[in-house]
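Below is run_17.txt, which holds compact mmCIF, C-alpha atoms (C1' of nucleotides).
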```txt
# COMPACT_ATOMS: atom_id res chain seq x y z
CA MET A 21 0.00 0.00 0.00
CA ASP A 22 2.99 2.33 0.56
CA THR A 23 1.17 4.31 3.23
CA SER A 24 4.48 5.44 4.73
CA VAL A 25 3.97 8.68 6.57
CA ILE A 26 5.69 12.01 6.02
CA CYS A 27 8.70 12.62 8.32
CA PRO A 28 7.29 14.34 11.42
CA ARG A 29 10.33 16.61 11.83
CA PHE A 30 10.00 17.80 8.27
CA GLU A 31 6.32 18.40 8.84
CA THR A 32 7.05 20.52 11.91
CA ALA A 33 9.69 22.52 10.05
CA ILE A 34 7.55 23.21 7.02
CA SER A 35 4.50 24.12 9.09
CA LEU A 36 6.67 26.81 10.64
CA LEU A 37 7.72 28.16 7.26
CA SER A 38 4.19 27.79 5.90
CA GLN A 39 2.93 30.40 8.28
CA ARG A 40 2.42 33.63 6.40
CA TRP A 41 5.22 36.23 6.84
CA THR A 42 7.43 33.95 8.91
CA GLY A 43 9.78 33.11 6.04
CA LEU A 44 10.08 36.75 5.03
CA ILE A 45 10.84 37.84 8.60
CA ILE A 46 13.63 35.27 8.94
CA TYR A 47 15.00 36.14 5.49
CA GLN A 48 15.06 39.81 6.38
CA LEU A 49 16.75 39.22 9.74
CA LEU A 50 19.52 37.28 7.98
CA SER A 51 20.98 40.67 7.06
CA GLY A 52 21.31 41.60 10.73
CA PRO A 53 19.38 42.70 13.82
CA GLN A 54 16.54 45.07 13.07
CA ARG A 55 13.91 46.98 14.94
CA PHE A 56 10.18 46.61 14.88
CA SER A 57 9.29 49.62 12.77
CA HIS A 58 11.93 48.77 10.16
CA LEU A 59 10.55 45.27 9.76
CA THR A 60 6.97 46.49 9.31
CA GLU A 61 8.05 48.95 6.64
CA ILE A 62 10.34 46.69 4.64
CA ILE A 63 8.18 43.57 4.79
CA GLY A 64 4.85 45.30 4.46
CA ILE A 65 3.28 43.55 7.43
CA SER A 66 0.98 45.16 9.99
CA GLY A 67 2.08 45.75 13.56
CA ARG A 68 -0.50 43.33 14.81
CA LEU A 69 0.80 40.38 12.83
CA LEU A 70 4.48 41.28 13.15
CA SER A 71 4.07 41.34 16.91
CA GLU A 72 2.33 37.99 16.86
CA ARG A 73 4.93 36.40 14.59
CA LEU A 74 7.92 37.73 16.52
CA LYS A 75 6.49 36.42 19.79
CA ASN A 76 6.03 33.07 18.16
CA LEU A 77 9.55 33.03 16.71
CA GLU A 78 10.93 34.00 20.10
CA ALA A 79 9.01 31.16 21.72
CA GLU A 80 10.42 28.77 19.11
CA GLY A 81 13.93 29.95 19.89
CA LEU A 82 14.58 31.40 16.44
CA VAL A 83 14.67 35.06 17.39
CA THR A 84 15.79 37.19 20.34
CA ARG A 85 14.35 40.50 21.48
CA THR A 86 16.70 43.10 22.98
CA VAL A 87 15.62 46.35 24.60
CA TYR A 88 17.87 49.42 24.40
CA PRO A 89 16.53 51.99 26.87
CA GLU A 90 17.36 55.02 24.75
CA THR A 91 15.14 57.90 23.78
CA PRO A 92 12.89 56.84 22.33
CA VAL A 93 13.23 53.20 23.26
CA ARG A 94 14.88 50.95 20.68
CA ILE A 95 14.06 47.28 20.48
CA GLU A 96 16.04 45.02 18.20
CA TYR A 97 15.13 41.61 16.92
CA ALA A 98 17.89 39.23 15.91
CA LEU A 99 18.23 35.62 14.81
CA THR A 100 19.54 32.99 17.19
CA GLU A 101 21.86 30.26 15.94
CA LYS A 102 18.78 28.14 15.31
CA GLY A 103 17.24 30.93 13.28
CA PHE A 104 20.41 31.74 11.40
CA SER A 105 20.86 28.12 10.42
CA LEU A 106 17.86 28.51 8.14
CA LYS A 107 20.12 30.51 5.81
CA PRO A 108 20.77 27.53 3.48
CA VAL A 109 17.02 27.09 3.10
CA MET A 110 16.58 30.74 2.23
CA ASP A 111 19.54 30.60 -0.14
CA GLU A 112 17.98 27.72 -2.03
CA ILE A 113 14.65 29.51 -2.29
CA GLN A 114 16.57 32.51 -3.58
CA ASN A 115 18.38 30.35 -6.15
CA TRP A 116 15.16 28.78 -7.31
CA SER A 117 13.43 32.11 -7.63
CA GLN A 118 16.23 33.53 -9.77
CA ILE A 119 15.82 30.68 -12.23
CA TRP A 120 12.08 30.06 -12.22
CA VAL A 121 10.29 33.25 -11.27
CA GLU A 122 9.76 35.72 -14.08
CA PRO A 123 10.71 39.29 -13.21
CA THR A 124 7.34 40.29 -14.66
CA GLU A 125 5.21 37.94 -12.57
CA THR A 126 6.20 39.55 -9.31
CA ARG A 127 3.47 41.31 -7.41
CA ASN A 128 0.57 39.32 -8.70
CA VAL A 129 -1.99 41.28 -6.74
CA MET B 20 17.94 54.81 5.92
CA ASP B 21 18.59 51.38 4.36
CA THR B 22 15.05 51.05 3.13
CA SER B 23 16.13 48.63 0.39
CA VAL B 24 13.24 46.41 -0.55
CA ILE B 25 13.04 42.64 -0.42
CA CYS B 26 13.87 40.89 -3.73
CA PRO B 27 10.56 40.59 -5.59
CA ARG B 28 11.41 37.16 -7.03
CA PHE B 29 12.20 35.85 -3.59
CA GLU B 30 8.95 37.29 -2.31
CA THR B 31 6.99 35.54 -5.06
CA ALA B 32 8.74 32.25 -4.37
CA ILE B 33 8.21 32.33 -0.63
CA SER B 34 4.59 33.40 -0.93
CA LEU B 35 4.09 30.22 -2.92
CA LEU B 36 5.72 28.08 -0.24
CA SER B 37 3.97 30.00 2.53
CA GLN B 38 0.63 28.76 1.37
CA ARG B 39 -0.51 26.04 3.71
CA TRP B 40 -0.03 22.44 2.39
CA THR B 41 1.78 23.52 -0.78
CA GLY B 42 5.22 22.65 0.55
CA LEU B 43 4.07 19.28 1.80
CA ILE B 44 2.41 18.45 -1.52
CA ILE B 45 5.58 19.23 -3.45
CA TYR B 46 7.71 17.33 -0.94
CA GLN B 47 5.48 14.31 -1.23
CA LEU B 48 5.45 14.40 -5.04
CA LEU B 49 9.26 14.39 -5.05
CA SER B 50 9.01 10.64 -4.45
CA GLY B 51 7.10 10.17 -7.70
CA PRO B 52 3.70 10.62 -9.37
CA GLN B 53 0.78 9.96 -7.06
CA ARG B 54 -2.96 9.93 -7.22
CA PHE B 55 -5.45 12.17 -5.51
CA SER B 56 -6.65 9.80 -2.82
CA HIS B 57 -3.12 8.81 -1.87
CA LEU B 58 -2.15 12.43 -1.36
CA THR B 59 -5.14 13.17 0.84
CA GLU B 60 -4.38 10.17 3.05
CA ILE B 61 -0.65 10.66 3.42
CA ILE B 62 -0.68 14.42 3.85
CA GLY B 63 -3.86 14.61 5.91
CA ILE B 64 -5.46 17.30 3.79
CA SER B 65 -9.13 17.47 2.83
CA GLY B 66 -10.29 16.85 -0.71
CA ARG B 67 -11.49 20.41 -0.96
CA LEU B 68 -8.12 21.99 -0.26
CA LEU B 69 -6.07 19.38 -2.11
CA SER B 70 -8.15 20.03 -5.20
CA GLU B 71 -7.67 23.77 -4.83
CA ARG B 72 -3.91 23.49 -4.26
CA LEU B 73 -3.33 21.08 -7.14
CA LYS B 74 -5.22 23.34 -9.53
CA ASN B 75 -3.08 26.22 -8.37
CA LEU B 76 0.16 24.26 -8.71
CA GLU B 77 -0.90 23.17 -12.18
CA ALA B 78 -1.58 26.80 -13.11
CA GLU B 79 1.87 27.76 -11.79
CA GLY B 80 3.47 25.06 -13.94
CA LEU B 81 4.78 23.02 -11.01
CA VAL B 82 2.52 20.00 -11.36
CA THR B 83 0.89 18.01 -14.17
CA ARG B 84 -2.38 16.10 -14.06
CA THR B 85 -2.72 12.90 -16.08
CA VAL B 86 -5.93 10.94 -16.54
CA TYR B 87 -5.80 7.15 -16.99
CA PRO B 88 -9.26 6.01 -18.16
CA GLU B 89 -9.22 2.71 -16.30
CA THR B 90 -11.84 1.26 -14.01
CA PRO B 91 -12.20 3.12 -11.83
CA VAL B 92 -10.53 6.18 -13.31
CA ARG B 93 -6.98 6.85 -12.16
CA ILE B 94 -5.60 10.37 -12.09
CA GLU B 95 -1.96 10.97 -11.34
CA TYR B 96 -0.27 14.15 -10.26
CA ALA B 97 3.43 14.62 -10.97
CA LEU B 98 6.02 17.36 -10.69
CA THR B 99 7.21 19.25 -13.74
CA GLU B 100 10.87 20.22 -14.09
CA LYS B 101 10.02 23.50 -12.39
CA GLY B 102 8.41 21.65 -9.52
CA PHE B 103 11.17 19.08 -9.23
CA SER B 104 13.80 21.79 -9.08
CA LEU B 105 12.47 22.70 -5.63
CA LYS B 106 14.17 19.53 -4.36
CA PRO B 107 17.23 21.42 -3.03
CA VAL B 108 14.91 23.66 -1.03
CA MET B 109 13.12 20.67 0.45
CA ASP B 110 16.44 18.95 1.14
CA GLU B 111 17.65 21.94 3.12
CA ILE B 112 14.43 22.08 5.12
CA GLN B 113 14.87 18.37 5.78
CA ASN B 114 18.47 18.93 6.93
CA TRP B 115 17.48 21.75 9.21
CA SER B 116 14.65 19.77 10.74
CA GLN B 117 16.95 16.83 11.51
CA ILE B 118 19.24 19.12 13.49
CA TRP B 119 16.84 21.56 15.11
CA VAL B 120 13.46 19.91 15.52
CA GLU B 121 13.11 17.69 18.58
CA PRO B 122 11.57 14.31 17.85
CA THR B 123 9.27 14.97 20.81
CA GLU B 124 8.00 18.35 19.68
CA THR B 125 6.33 16.96 16.58
CA ARG B 126 2.58 17.18 16.45
CA ASN B 127 2.15 20.18 18.71
CA VAL B 128 -1.63 20.15 18.47
C1' DT C 19 -31.93 -1.85 -17.53
C1' DC C 20 -30.86 -0.49 -12.99
C1' DC C 21 -28.21 -0.43 -9.10
C1' DC C 22 -23.70 -0.90 -6.77
C1' DT C 23 -18.88 0.27 -6.29
C1' DT C 24 -14.83 3.15 -6.74
C1' DT C 25 -12.18 7.42 -7.46
C1' DA C 26 -12.22 12.22 -7.91
C1' DG C 27 -13.75 15.88 -6.91
C1' DT C 28 -17.58 19.96 -5.38
C1' DT C 29 -20.91 22.53 -2.44
C1' DA C 30 -22.61 24.57 1.73
C1' DC C 31 -21.53 25.79 6.07
C1' DT C 32 -18.49 26.63 10.43
C1' DT C 33 -14.25 28.00 12.42
C1' DT C 34 -9.77 30.12 12.28
C1' DA C 35 -6.39 33.37 10.37
C1' DT C 36 -5.36 37.71 8.40
C1' DG C 37 -6.13 42.79 7.24
C1' DT C 38 -7.17 47.49 8.95
C1' DA C 39 -7.30 51.36 11.64
C1' DA C 40 -7.80 53.55 15.88
C1' DC C 41 -5.96 53.45 20.38
C1' DA C 42 -2.62 52.63 24.67
C1' DA C 43 2.13 52.18 27.25
C1' DA C 44 6.54 53.74 28.03
C1' DT C 45 10.08 57.07 27.91
C1' DT C 46 12.06 61.55 28.09
C1' DA C 47 12.89 66.32 26.11
C1' DT C 48 10.64 70.84 26.43
C1' DA D 10 2.31 68.89 32.45
C1' DT D 11 2.58 68.35 27.46
C1' DA D 12 4.24 66.63 23.37
C1' DA D 13 6.74 63.36 20.48
C1' DT D 14 8.47 58.84 19.27
C1' DT D 15 8.53 53.84 19.16
C1' DT D 16 6.34 49.68 20.24
C1' DG D 17 2.96 47.47 20.54
C1' DT D 18 -2.62 46.13 21.47
C1' DT D 19 -7.75 46.07 20.77
C1' DA D 20 -11.89 45.76 18.19
C1' DC D 21 -13.88 44.83 14.18
C1' DA D 22 -14.21 43.34 8.91
C1' DT D 23 -12.69 40.16 5.42
C1' DA D 24 -10.42 36.06 3.61
C1' DA D 25 -8.71 31.42 4.09
C1' DA D 26 -9.05 26.83 5.95
C1' DG D 27 -11.69 22.86 8.19
C1' DT D 28 -15.72 19.58 7.91
C1' DA D 29 -18.96 16.63 6.14
C1' DA D 30 -22.41 15.55 3.03
C1' DC D 31 -23.15 15.37 -1.74
C1' DT D 32 -22.32 14.81 -7.09
C1' DA D 33 -19.97 12.93 -11.57
C1' DA D 34 -18.38 9.37 -14.26
C1' DA D 35 -17.91 4.73 -15.61
C1' DG D 36 -17.60 -0.24 -15.49
C1' DG D 37 -19.71 -4.80 -13.47
C1' DG D 38 -23.22 -7.73 -12.05
C1' DA D 39 -28.22 -9.04 -11.06
```
Show me, as structure tokens, the structure contained in the file I just sent.
Amino acid sequence: MDTSVICPRFETAISLLSQRWTGLIIYQLLSGPQRFSHLTEIIGISGRLLSERLKNLEAEGLVTRTVYPETPVRIEYALTEKGFSLKPVMDEIQNWSQIWVEPTETRNV
Amino acid sequence: MDTSVICPRFETAISLLSQRWTGLIIYQLLSGPQRFSHLTEIIGISGRLLSERLKNLEAEGLVTRTVYPETPVRIEYALTEKGFSLKPVMDEIQNWSQIWVEPTETRNV
DNA sequence: TCCCTTTAGTTACTTTATGTAACAAATTAT
DNA sequence: ATAATTTGTTACATAAAGTAACTAAAGGGA
């Protein structure tokens, strides 16, 4: 019957990346620690969802949150080792997109 | 200001993979052409959504649909070259999951 | 012929996730 | 005390996903 099941670890990993915005947030943080407002602007995500996603990523151990008590307060989000180790995944998605995604078919809204 | 924008091709690619089930469907089809009912069982997706996703993947040129007029009818879904070339992405997700996902934390429902 | 079986979907409806925009907390310079 | 800035949160509208019953097609047997 070949009813072998999908690898549970893979399933967990891809369910993480299948959550909307999560991949983009990680990709963006690969270029270094960034603050909340910068992420909302560059990704195009609302504060509500960015907040929710970052909390989730922090809980999963992929991202850290650091408070700098300046004026006004600065809060930076950065990848942990676990988060940064998703770089090869992002690199492969990048590679694939360069080959298979038409420059014209971007923004299909 | 460093308000450089995220690569549009990357954004298109990851929005595809960010759609729920899509990654799992492609991953599963990497092991060869499979029929509708087999995919629903092994992935744990409803007929409604599998149908919707497969139509979408077909429209994107990632998957083909082949009808075998037997009794009862057999319909097989297979990856195109474009779809199969996502293998390196899936391999990297697999790698990451082997290192960073606890065997115990699977199925966090 | 008519009904049964099997695979491959679809339809109608409920529940969950996401989008939007106005509002609140914290901090400190004026 | 007031205003200004960043980092969120709350309340509500819209879109996507989950569920389960139903339909389409097509051969096989009574």
For this session: Might you pull out every residue within 12 Å of D:DG17, with only C-alpha atoms (C1' of nucleotides) counted and same-chain residues fewer than 4 positions away left off, and present them as a PyMOL selection string?
Result: (chain A and resi 56-57+60+66-72+74-75+95) or (chain C and resi 41-44)
For this session: Excluding D:DG38 and residues on its chain fewer than 2 positions from it, collect all residues at most 10 Å away from it, counting all atoms listed in the file, and give them as a ChimeraX atom specification.
Result: /C:21-22 /D:36
Taking only C-alpha atoms (C1' of nucleotides) into account, find every residue of chain D that has an atom no more than 10 Å from chain A, and write it out as a PDB file with C-alpha atoms (C1' of nucleotides), keeping the file's coordinate frame.
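Below is the file selection_24.pdb, written as the result:
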```
ATOM      1  C1'  DA D  13       6.740  63.360  20.480  1.00  0.00           C
ATOM      2  C1'  DT D  14       8.470  58.840  19.270  1.00  0.00           C
ATOM      3  C1'  DT D  15       8.530  53.840  19.160  1.00  0.00           C
ATOM      4  C1'  DT D  16       6.340  49.680  20.240  1.00  0.00           C
ATOM      5  C1'  DG D  17       2.960  47.470  20.540  1.00  0.00           C
ATOM      6  C1'  DT D  18      -2.620  46.130  21.470  1.00  0.00           C
ATOM      7  C1'  DT D  19      -7.750  46.070  20.770  1.00  0.00           C
TER       8       DT D  19
END
```
Exercise. In Å, how far is it from atom CA of B:Val108 to atom CA of B:Leu76?
Worked result: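 Between atom CA of B:Val108 and atom CA of B:Leu76 the gap works out to 16.6 Å.
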Exercise. Mind listing as a PyMOL selection string which residues of chain B are within 10 Å of chain A, counting all atoms listed in the file?
Worked result: chain B and resi 20-43+46-47+57-58+60-63+101-102+104-127
List as CSV every residue of chain C that is in contact with chain B, defined as an atom at most 12 Å from one of its atoms (using all atoms listed in the file), together with the nearest atom pair and the distance in Å rounded to one decimal, sorted by chain and then rising number.
```
residue,atom,partner,partner_atom,distance
C:DT23,C1',B:Pro91,CA,9.1
C:DT24,C1',B:Pro91,CA,5.7
C:DT25,C1',B:Pro91,CA,6.1
C:DA26,C1',B:Phe55,CA,7.2
C:DG27,C1',B:Gly66,CA,7.2
C:DT28,C1',B:Arg67,CA,7.5
C:DT29,C1',B:Arg67,CA,9.8
C:DA35,C1',B:Arg39,CA,11.5
```
Exercise. Hey, can you check how far atom CA of A:Thr84 sits from atom CA of A:Leu99?
Worked result: 6.2 Å
Exercise. From the set D:DA20, D:DA26, D:DA10, D:DA34, which residue has the shortest atom-to-atom contact distance to C:DA40, counting all atoms listed in the file?
Worked result: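 Among the listed residues, D:DA20 lies closest to C:DA40.
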Using 5 Å of padding on each side, determine the axis-aligned box around all atoms of stretch 103-121 of chain B present in the file and give its centre and edge lengths in Å to one decimal, as JSON.
```
{"center_x": 15.2, "center_y": 20.2, "center_z": 4.7, "size_x": 18.1, "size_y": 16.8, "size_z": 37.8}
```
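Between atom CA of A:Glu80 and atom CA of A:Gly52 the interatomic distance comes to 18.8 Å.
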